[in-house]
>>> print(open('data.tsv').read())   # TSV, C-alpha atoms
chain	number	residue	atom	x	y	z
A	1	MET	CA	-6.99	-2.28	-17.17
A	2	LEU	CA	-9.93	-0.07	-16.22
A	3	ASN	CA	-8.15	1.16	-13.09
A	4	PHE	CA	-5.05	1.93	-15.15
A	5	ARG	CA	-7.08	3.95	-17.64
A	6	LEU	CA	-8.78	5.82	-14.81
A	7	LEU	CA	-5.37	6.59	-13.34
A	8	LEU	CA	-4.17	8.02	-16.65
A	9	VAL	CA	-7.35	10.09	-17.00
A	10	PHE	CA	-6.98	11.42	-13.45
A	11	LEU	CA	-3.33	12.31	-13.98
A	12	SER	CA	-4.12	13.96	-17.32
A	13	VAL	CA	-6.83	16.11	-15.75
A	14	LEU	CA	-4.47	17.00	-12.90
A	15	VAL	CA	-1.74	18.05	-15.34
A	16	LEU	CA	-4.18	20.19	-17.34
A	17	ALA	CA	-5.43	21.88	-14.16
A	18	LEU	CA	-1.90	22.60	-12.94
A	19	PHE	CA	-0.89	23.85	-16.39
A	20	ALA	CA	-3.81	26.28	-16.35
A	21	ALA	CA	-2.92	27.36	-12.80
A	22	SER	CA	0.68	27.93	-13.90
A	23	LEU	CA	-0.58	30.27	-16.61
A	24	LEU	CA	-2.83	32.21	-14.25
A	25	ILE	CA	-0.64	32.54	-11.14
A	26	GLY	CA	2.17	35.07	-10.95
A	27	PRO	CA	3.38	38.33	-9.43
A	28	ALA	CA	1.84	40.45	-12.21
A	29	GLY	CA	-1.55	40.17	-10.53
A	30	LEU	CA	-3.57	39.71	-13.72
A	31	GLY	CA	-7.17	38.61	-13.39
A	32	VAL	CA	-8.44	35.41	-14.98
A	33	GLY	CA	-10.38	37.27	-17.67
A	34	THR	CA	-7.47	39.57	-18.49
A	35	SER	CA	-5.09	36.61	-18.66
A	36	LEU	CA	-7.33	34.61	-20.98
A	37	ARG	CA	-7.98	37.57	-23.29
A	38	ALA	CA	-4.28	38.29	-23.50
A	39	LEU	CA	-3.37	34.68	-24.15
A	40	LEU	CA	-6.12	33.78	-26.61
A	41	ALA	CA	-7.07	37.06	-28.26
A	42	GLY	CA	-3.92	39.14	-27.81
A	43	GLN	CA	-5.69	41.98	-26.01
A	44	GLY	CA	-3.60	44.28	-23.82
A	45	GLU	CA	0.04	44.88	-24.71
A	46	ALA	CA	1.48	44.40	-21.22
A	47	ALA	CA	-0.75	41.42	-20.45
A	48	VAL	CA	0.12	39.76	-23.77
A	49	LEU	CA	3.82	40.15	-22.96
A	50	VAL	CA	3.34	38.54	-19.55
A	51	MET	CA	1.17	35.67	-20.77
A	52	ARG	CA	2.77	34.78	-24.09
A	53	GLU	CA	6.41	35.58	-23.44
A	54	ILE	CA	6.81	34.76	-19.74
A	55	ARG	CA	4.14	32.47	-18.33
A	56	LEU	CA	3.39	30.29	-21.37
A	57	PRO	CA	7.00	29.19	-22.07
A	58	ARG	CA	7.55	28.68	-18.34
A	59	ALA	CA	4.49	26.43	-18.09
A	60	LEU	CA	5.47	24.51	-21.23
A	61	LEU	CA	8.99	23.93	-19.92
A	62	GLY	CA	7.58	22.74	-16.59
A	63	LEU	CA	5.32	20.28	-18.43
A	64	MET	CA	8.14	19.05	-20.68
A	65	LEU	CA	10.78	18.78	-17.96
A	66	GLY	CA	8.48	17.04	-15.48
A	67	ALA	CA	7.35	14.49	-18.08
A	68	SER	CA	10.96	13.86	-19.12
A	69	LEU	CA	12.19	13.31	-15.57
A	70	GLY	CA	9.25	11.10	-14.62
A	71	LEU	CA	9.55	8.97	-17.76
A	72	SER	CA	13.34	8.66	-17.44
A	73	GLY	CA	13.11	7.69	-13.78
A	74	ALA	CA	10.50	5.00	-14.44
A	75	ALA	CA	12.54	3.57	-17.33
A	76	MET	CA	15.75	3.54	-15.29
A	77	GLN	CA	14.08	1.87	-12.32
A	78	GLY	CA	12.43	-0.69	-14.58
A	79	TYR	CA	15.65	-1.58	-16.36
A	80	LEU	CA	17.76	-1.84	-13.18
A	81	ARG	CA	14.85	-3.39	-11.23
A	82	ASN	CA	15.69	-1.06	-8.38
A	83	PRO	CA	13.26	1.56	-6.98
A	84	LEU	CA	16.22	3.66	-5.80
A	85	ALA	CA	17.50	4.25	-9.34
A	86	GLU	CA	17.08	7.73	-10.81
A	87	PRO	CA	17.87	9.45	-14.13
A	88	GLY	CA	21.09	11.09	-12.91
A	89	LEU	CA	22.61	7.69	-12.19
A	90	ILE	CA	24.33	7.52	-15.59
A	91	GLY	CA	26.16	10.81	-15.01
A	92	VAL	CA	24.33	12.96	-17.55
A	93	SER	CA	23.04	15.50	-15.02
A	94	SER	CA	26.47	16.17	-13.52
A	95	SER	CA	28.14	16.38	-16.93
A	96	ALA	CA	25.53	18.76	-18.30
A	97	ALA	CA	25.88	20.89	-15.18
A	98	LEU	CA	29.66	20.93	-15.69
A	99	GLY	CA	29.23	22.24	-19.23
A	100	ALA	CA	26.95	25.00	-18.00
A	101	VAL	CA	29.32	25.90	-15.16
A	102	ILE	CA	32.21	26.25	-17.63
A	103	ALA	CA	30.06	28.55	-19.77
A	104	LEU	CA	29.24	30.72	-16.75
A	105	GLN	CA	32.76	30.81	-15.35
A	106	SER	CA	34.44	31.56	-18.66
A	107	GLY	CA	32.07	34.43	-19.43
A	108	LEU	CA	30.83	32.67	-22.55
A	109	ALA	CA	27.27	32.67	-21.21
A	110	ALA	CA	27.31	36.46	-20.93
A	111	ALA	CA	28.78	36.92	-24.41
A	112	VAL	CA	26.58	34.48	-26.33
A	113	ALA	CA	22.87	34.16	-25.54
A	114	LEU	CA	22.57	30.37	-25.97
A	115	ALA	CA	26.07	29.45	-24.81
A	116	LEU	CA	24.91	28.10	-21.44
A	117	PRO	CA	22.29	25.58	-22.67
A	118	LEU	CA	24.46	24.58	-25.64
A	119	MET	CA	27.48	23.93	-23.41
A	120	ALA	CA	25.26	21.91	-21.07
A	121	LEU	CA	24.03	19.82	-24.00
A	122	ALA	CA	27.63	19.34	-25.11
A	123	GLY	CA	28.51	18.07	-21.64
A	124	ALA	CA	25.60	15.62	-21.76
A	125	VAL	CA	26.67	14.32	-25.18
A	126	LEU	CA	30.26	13.82	-24.04
A	127	SER	CA	29.09	11.92	-20.95
A	128	VAL	CA	27.00	9.56	-23.08
A	129	LEU	CA	29.91	8.87	-25.41
A	130	LEU	CA	32.17	8.22	-22.42
A	131	LEU	CA	29.54	6.01	-20.79
A	132	LEU	CA	29.12	3.89	-23.91
A	133	ALA	CA	32.90	3.64	-24.26
A	134	LEU	CA	33.28	2.48	-20.65
A	135	ALA	CA	30.24	0.22	-20.32
A	136	GLY	CA	30.05	-0.96	-23.92
A	137	ALA	CA	26.92	-1.68	-25.92
A	138	ARG	CA	26.64	-5.15	-24.35
A	139	GLY	CA	27.82	-4.31	-20.86
A	140	ALA	CA	25.96	-5.65	-17.84
A	141	SER	CA	23.72	-3.51	-15.65
A	142	LEU	CA	26.36	-3.34	-12.93
A	143	THR	CA	28.93	-2.07	-15.43
A	144	LEU	CA	26.51	0.64	-16.55
A	145	ILE	CA	25.89	1.74	-12.96
A	146	LEU	CA	29.59	1.82	-12.07
A	147	ALA	CA	30.48	3.75	-15.22
A	148	GLY	CA	27.69	6.25	-14.54
A	149	ILE	CA	28.79	6.73	-10.93
A	150	ALA	CA	32.39	7.27	-12.02
A	151	ILE	CA	31.39	9.86	-14.65
A	152	SER	CA	29.08	11.62	-12.21
A	153	ALA	CA	31.77	11.76	-9.51
A	154	PHE	CA	34.40	13.06	-11.95
A	155	ALA	CA	32.06	15.73	-13.35
A	156	GLY	CA	31.07	16.75	-9.83
A	157	ALA	CA	34.71	17.03	-8.82
A	158	LEU	CA	35.49	19.23	-11.84
A	159	THR	CA	32.47	21.43	-11.03
A	160	SER	CA	33.71	21.84	-7.46
A	161	LEU	CA	37.18	22.65	-8.78
A	162	VAL	CA	35.81	25.40	-11.03
A	163	LEU	CA	33.91	26.87	-8.08
A	164	ASN	CA	36.92	26.59	-5.81
A	165	LEU	CA	39.25	28.36	-8.25
A	166	SER	CA	36.76	31.00	-9.30
A	167	PRO	CA	38.30	34.47	-8.77
A	168	ASN	CA	34.94	36.17	-9.17
A	169	PRO	CA	32.54	35.71	-6.21
A	170	TYR	CA	29.63	36.96	-8.32
A	171	ALA	CA	30.25	34.29	-10.96
A	172	ALA	CA	30.49	31.64	-8.23
A	173	ALA	CA	27.19	32.80	-6.74
A	174	GLU	CA	25.57	32.75	-10.18
A	175	ILE	CA	26.80	29.19	-10.72
A	176	VAL	CA	25.44	28.02	-7.36
A	177	PHE	CA	22.03	29.61	-7.96
A	178	TRP	CA	21.83	28.17	-11.47
A	179	MET	CA	22.58	24.67	-10.17
A	180	LEU	CA	19.60	24.91	-7.81
A	181	GLY	CA	17.27	24.81	-10.82
A	182	SER	CA	14.65	27.29	-11.97
A	183	LEU	CA	12.12	27.98	-14.72
A	184	SER	CA	12.01	31.74	-14.24
A	185	ASP	CA	13.16	34.07	-17.03
A	186	ARG	CA	12.84	31.32	-19.63
A	187	SER	CA	11.55	32.07	-23.12
A	188	PHE	CA	10.35	30.18	-26.18
A	189	THR	CA	13.98	30.04	-27.29
A	190	HIS	CA	14.60	27.60	-24.43
A	191	VAL	CA	11.44	25.67	-25.31
A	192	TRP	CA	12.47	25.19	-28.95
A	193	LEU	CA	16.02	24.33	-27.91
A	194	ALA	CA	14.96	21.59	-25.47
A	195	LEU	CA	11.95	20.21	-27.35
A	196	PRO	CA	13.79	18.25	-30.11
A	197	PHE	CA	16.05	16.51	-27.60
A	198	MET	CA	13.22	15.74	-25.18
A	199	ALA	CA	11.01	14.50	-28.03
A	200	LEU	CA	13.84	12.18	-29.11
A	201	GLY	CA	14.10	10.92	-25.54
A	202	TRP	CA	10.35	10.31	-25.33
A	203	ALA	CA	10.41	8.44	-28.65
A	204	LEU	CA	13.22	6.19	-27.40
A	205	LEU	CA	11.86	5.52	-23.91
A	206	ALA	CA	8.11	5.17	-24.51
A	207	PRO	CA	8.32	1.90	-26.54
A	208	LEU	CA	10.44	0.13	-23.89
A	209	GLY	CA	7.44	-1.03	-21.87
A	210	ARG	CA	7.32	-4.58	-23.24
A	211	GLY	CA	11.04	-5.10	-22.73
A	212	LEU	CA	10.94	-3.73	-19.19
A	213	ASP	CA	7.97	-5.99	-18.35
A	214	ALA	CA	9.94	-8.97	-19.63
A	215	LEU	CA	12.98	-7.95	-17.58
A	216	THR	CA	11.00	-8.48	-14.37
A	217	LEU	CA	11.47	-12.21	-15.08
A	218	GLY	CA	15.25	-11.81	-15.39
A	219	GLU	CA	17.61	-11.08	-18.26
A	220	ASP	CA	17.75	-14.71	-19.46
A	221	ALA	CA	13.97	-14.99	-19.55
A	222	ALA	CA	13.69	-11.62	-21.33
A	223	ALA	CA	16.20	-12.75	-23.96
A	224	ALA	CA	14.23	-15.98	-24.41
A	225	LEU	CA	11.10	-13.90	-25.06
A	226	GLY	CA	12.85	-12.15	-27.93
A	227	ILE	CA	13.98	-8.96	-26.14
A	228	ARG	CA	17.28	-7.67	-27.48
A	229	LEU	CA	18.87	-6.42	-24.29
A	230	SER	CA	21.70	-4.55	-25.99
A	231	ARG	CA	19.23	-2.55	-28.07
A	232	LEU	CA	17.04	-1.89	-25.03
A	233	ARG	CA	20.06	-0.72	-23.02
A	234	LEU	CA	21.20	1.61	-25.80
A	235	ALA	CA	17.71	3.11	-26.19
A	236	LEU	CA	17.50	3.57	-22.42
A	237	VAL	CA	20.85	5.38	-22.19
A	238	LEU	CA	20.28	7.61	-25.21
A	239	GLY	CA	16.67	8.38	-24.27
A	240	THR	CA	17.52	9.24	-20.67
A	241	ALA	CA	20.49	11.33	-21.75
A	242	SER	CA	18.37	13.28	-24.26
A	243	CYS	CA	15.65	14.00	-21.71
A	244	VAL	CA	17.85	14.79	-18.73
A	245	GLY	CA	20.57	16.62	-20.68
A	246	ALA	CA	18.04	18.93	-22.32
A	247	GLY	CA	16.32	19.50	-18.98
A	248	VAL	CA	19.52	20.47	-17.19
A	249	ALA	CA	20.48	22.69	-20.12
A	250	VAL	CA	17.38	24.87	-19.85
A	251	ALA	CA	16.40	24.60	-16.18
A	252	GLY	CA	19.44	23.57	-14.15
A	253	ALA	CA	19.55	20.59	-11.82
A	254	VAL	CA	16.11	19.58	-10.53
A	255	GLY	CA	16.19	16.47	-8.37
A	256	PHE	CA	13.86	13.89	-6.83
A	257	VAL	CA	11.16	14.02	-9.54
A	258	GLY	CA	12.47	10.98	-11.40
A	259	LEU	CA	13.11	9.20	-8.12
A	260	VAL	CA	9.91	9.82	-6.16
A	261	VAL	CA	7.17	9.89	-8.81
A	262	PRO	CA	7.67	6.32	-10.13
A	263	HIS	CA	7.91	5.06	-6.57
A	264	LEU	CA	4.62	6.72	-5.65
A	265	LEU	CA	2.76	5.43	-8.71
A	266	ARG	CA	4.16	1.89	-8.80
A	267	PRO	CA	1.48	0.36	-6.51
A	268	ALA	CA	-1.27	1.95	-8.64
A	269	VAL	CA	-0.08	0.19	-11.82
A	270	GLY	CA	0.42	-3.24	-10.30
A	271	ALA	CA	4.21	-2.83	-10.28
A	272	ARG	CA	4.31	-3.26	-14.09
A	273	PRO	CA	7.16	-1.17	-15.56
A	274	GLY	CA	5.42	-0.86	-18.94
A	275	ARG	CA	2.38	0.80	-17.39
A	276	LEU	CA	4.54	2.88	-15.09
A	277	LEU	CA	6.14	4.74	-18.02
A	278	PRO	CA	3.12	6.82	-19.14
A	279	ALA	CA	1.86	7.21	-15.57
A	280	SER	CA	5.22	8.54	-14.38
A	281	ALA	CA	5.46	10.94	-17.32
A	282	LEU	CA	2.13	12.47	-16.33
A	283	GLY	CA	2.95	12.32	-12.61
A	284	GLY	CA	6.32	14.00	-13.17
A	285	ALA	CA	4.68	16.80	-15.16
A	286	ALA	CA	2.14	17.31	-12.37
A	287	MET	CA	4.79	17.36	-9.63
A	288	LEU	CA	7.03	19.84	-11.44
A	289	LEU	CA	4.18	22.18	-12.37
A	290	ALA	CA	2.97	22.11	-8.76
A	291	ALA	CA	6.49	22.80	-7.47
A	292	ASP	CA	6.93	25.71	-9.89
A	293	ILE	CA	3.61	27.19	-8.77
A	294	ALA	CA	4.79	26.83	-5.16
A	295	THR	CA	7.95	28.86	-5.89
A	296	ARG	CA	5.73	31.78	-6.93
A	297	LEU	CA	3.36	31.51	-3.97
A	298	ILE	CA	5.80	30.85	-1.10
A	299	ALA	CA	8.33	33.63	-1.74
A	300	PRO	CA	7.47	35.58	-4.90
A	301	GLU	CA	9.91	38.38	-4.07
A	302	ARG	CA	12.88	36.07	-3.34
A	303	ASP	CA	12.99	33.89	-6.50
A	304	LEU	CA	12.78	30.60	-4.62
A	305	LYS	CA	14.54	27.95	-6.70
A	306	LEU	CA	12.64	25.03	-8.18
A	307	GLY	CA	15.22	22.43	-7.16
A	308	VAL	CA	14.94	23.56	-3.54
A	309	VAL	CA	11.17	22.97	-3.51
A	310	THR	CA	11.38	19.55	-5.16
A	311	ALA	CA	14.07	18.50	-2.67
A	312	LEU	CA	12.11	19.80	0.33
A	313	VAL	CA	9.06	17.85	-0.80
A	314	GLY	CA	10.75	14.85	-2.34
A	315	ALA	CA	13.38	13.98	0.27
A	316	PRO	CA	11.03	13.60	3.31
A	317	LEU	CA	8.47	11.81	1.15
A	318	PHE	CA	11.09	9.39	-0.11
A	319	LEU	CA	12.36	8.76	3.43
A	320	HIS	CA	8.79	7.96	4.46
A	321	LEU	CA	8.42	5.55	1.56
A	322	ILE	CA	11.67	3.81	2.49
A	323	TYR	CA	10.50	3.44	6.09
A	324	LYS	CA	7.11	2.14	4.99
A	325	THR	CA	8.48	-0.44	2.55
A	326	ARG	CA	11.02	-1.61	5.12
A	327	LYS	CA	8.32	-1.89	7.77
A	328	ASP	CA	6.10	-3.89	5.40
A	329	GLY	CA	9.01	-6.20	4.59
A	330	VAL	CA	9.08	-5.38	0.91
A	331	TRP	CA	12.86	-5.05	0.80
>>> encode(input="data.tsv", output="structure tokens")
Amino acid sequence: MLNFRLLLVFLSVLVLALFAASLLIGPAGLGVGTSLRALLAGQGEAAVLVMREIRLPRALLGLMLGASLGLSGAAMQGYLRNPLAEPGLIGVSSSAALGAVIALQSGLAAAVALALPLMALAGAVLSVLLLLALAGARGASLTLILAGIAISAFAGALTSLVLNLSPNPYAAAEIVFWMLGSLSDRSFTHVWLALPFMALGWALLAPLGRGLDALTLGEDAAAALGIRLSRLRLALVLGTASCVGAGVAVAGAVGFVGLVVPHLLRPAVGARPGRLLPASALGGAAMLLAADIATRLIAPERDLKLGVVTALVGAPLFLHLIYKTRKDGVW
């Protein structure tokens, strides 16, 4: 228990340090003193605009999105008892992306300020309703996975169709760049739009620790311990959809966070899914904040996309973890 508490303290300090770095690093070239005075005391009109309207909402969204992806990934892996599971498995990411793509292609995003995130949220909601209709409230884990894969494939095919039939190359380019994921040019409007949905997701996923711990013994044993699997499954689906759908709506598709972070932290929590939930939330926030800082440092003049950085870091790391676990005979 002491080691677990130390891990949470370490991750919390790391998140706070990266959050502070996210506020202080940027192309504006503001000094630490100037940045703090602008943020805390409101001194300097230009500096206040940069700190309060650009960097602060961007850092908050990075914190919220990273925690949501890490928590969702840990919950999904715990429920399916598979370290390769990730939040997009139930098709919410692809469906939310489809809604956003339709908003961009139709010109609705240009006409209405919040059309893009609202259409993405609508796509996420429709995917959840379709998933529950296909898998059912009492469906088995395999049914849930198959339904999610089918929805994800169908939404991906429709997205490709929209891109393929797009008569406007500029709209197609905008769609592709949006799907790479980014936190740049986000405001408090995006924060307040995503926060209620993410908070709902956190409230649904955080209490699942006991049920996920019981599931390590098998579904029959979990049911014998008093775990209502249908309720747990419903909370998992709705919580993951709320977190991931809101994240895609405001930041685009950002991959590998929900896949890699729980896998990295699992040995440190004794492979207990209940403990992995808070650790992965903090670890996801740290990874996303670090990746967003890297986009500003690596190519500040090119607007390097967040999803590109997480994939470049996450994919090789995950391949290494697969090789290591296979070599150790874990799988």
>>> closest_residue(input="data.tsv", among="A:Val254, A:Val309, A:Leu204, A:Ala133", to="Arg296 of chain A", atoms="all atoms listed in the file")
A:Val309
>>> closest_residue(input="data.tsv", among="A:Ala221, A:Leu49, A:Ala206, A:Leu319", to="Leu30 of chain A", atoms="all atoms listed in the file")
A:Leu49
>>> residues_around(input="data.tsv", residues="Phe177 of chain A", least_positions_apart="3", cutoff="10 Å", atoms="all atoms listed in the file", output="PyMOL selection string")
chain A and resi 171-174+180-182+252+304-305+307
>>> closest_residue(input="data.tsv", among="A:Leu40, A:Ile90, A:Leu108, A:Val248", to="Arg233 of chain A", atoms="all atoms listed in the file")
A:Ile90
>>> residues_around(input="data.tsv", residues="Ser127 of chain A", least_positions_apart="5", cutoff="12 Å", atoms="all atoms listed in the file", output="ChimeraX atom specification")
/A:88-99,120-122,132-135,147-155,237-238,240-242,244-245
>>> write_last_selection(input="data.tsv", atoms="C-alpha atoms", output="compact mmCIF listing (two decimals), keeping the file's coordinate frame")
# COMPACT_ATOMS: atom_id res chain seq x y z
CA GLY A 88 21.09 11.09 -12.91
CA LEU A 89 22.61 7.69 -12.19
CA ILE A 90 24.33 7.52 -15.59
CA GLY A 91 26.16 10.81 -15.01
CA VAL A 92 24.33 12.96 -17.55
CA SER A 93 23.04 15.50 -15.02
CA SER A 94 26.47 16.17 -13.52
CA SER A 95 28.14 16.38 -16.93
CA ALA A 96 25.53 18.76 -18.30
CA ALA A 97 25.88 20.89 -15.18
CA LEU A 98 29.66 20.93 -15.69
CA GLY A 99 29.23 22.24 -19.23
CA ALA A 120 25.26 21.91 -21.07
CA LEU A 121 24.03 19.82 -24.00
CA ALA A 122 27.63 19.34 -25.11
CA LEU A 132 29.12 3.89 -23.91
CA ALA A 133 32.90 3.64 -24.26
CA LEU A 134 33.28 2.48 -20.65
CA ALA A 135 30.24 0.22 -20.32
CA ALA A 147 30.48 3.75 -15.22
CA GLY A 148 27.69 6.25 -14.54
CA ILE A 149 28.79 6.73 -10.93
CA ALA A 150 32.39 7.27 -12.02
CA ILE A 151 31.39 9.86 -14.65
CA SER A 152 29.08 11.62 -12.21
CA ALA A 153 31.77 11.76 -9.51
CA PHE A 154 34.40 13.06 -11.95
CA ALA A 155 32.06 15.73 -13.35
CA VAL A 237 20.85 5.38 -22.19
CA LEU A 238 20.28 7.61 -25.21
CA THR A 240 17.52 9.24 -20.67
CA ALA A 241 20.49 11.33 -21.75
CA SER A 242 18.37 13.28 -24.26
CA VAL A 244 17.85 14.79 -18.73
CA GLY A 245 20.57 16.62 -20.68
>>> atom_distance(input="data.tsv", atom1="atom CA of Phe188 of chain A", atom2="atom CA of Leu297 of chain A")
23.3 Å
>>> residues_near_point(input="data.tsv", point="(-1.6, 25.9, -11.3)", cutoff="10 Å", atoms="all atoms listed in the file", output="PyMOL selection string")
chain A and resi 14-26+59+286+289-294
>>> residues_near_point(input="data.tsv", point="(11.8, 18.6, -17.8)", cutoff="8 Å", atoms="all atoms listed in the file", output="count of residues only")
16
>>> closest_residue(input="data.tsv", among="A:Gln77, A:Ser187, A:Ser141, A:Ser166", to="Ser106 of chain A", atoms="all atoms listed in the file")
A:Ser166
>>> closest_residue(input="data.tsv", among="A:Ala224, A:Leu205, A:Leu234, A:Met287", to="Ser72 of chain A", atoms="all atoms listed in the file")
A:Leu205
>>> residues_around(input="data.tsv", residues="Glu86 of chain A", least_positions_apart="6", cutoff="7 Å", atoms="all atoms listed in the file", output="number ranges by chain")
A: 73, 76-77, 258-259
>>> atom_distance(input="data.tsv", atom1="atom CA of Thr159 of chain A", atom2="atom CA of Ala115 of chain A")
17.2 Å
>>> residues_around(input="data.tsv", residues="Phe318 of chain A", least_positions_apart="2", cutoff="9 Å", atoms="only C-alpha atoms", output="list in words")
Phe256, Leu259, Val260, His263, Leu264, Val313, Gly314, Ala315, Pro316, His320, Leu321, Ile322 and Tyr323 of chain A
>>> atom_distance(input="data.tsv", atom1="atom CA of Leu144 of chain A", atom2="atom CA of Arg231 of chain A")
14.0 Å
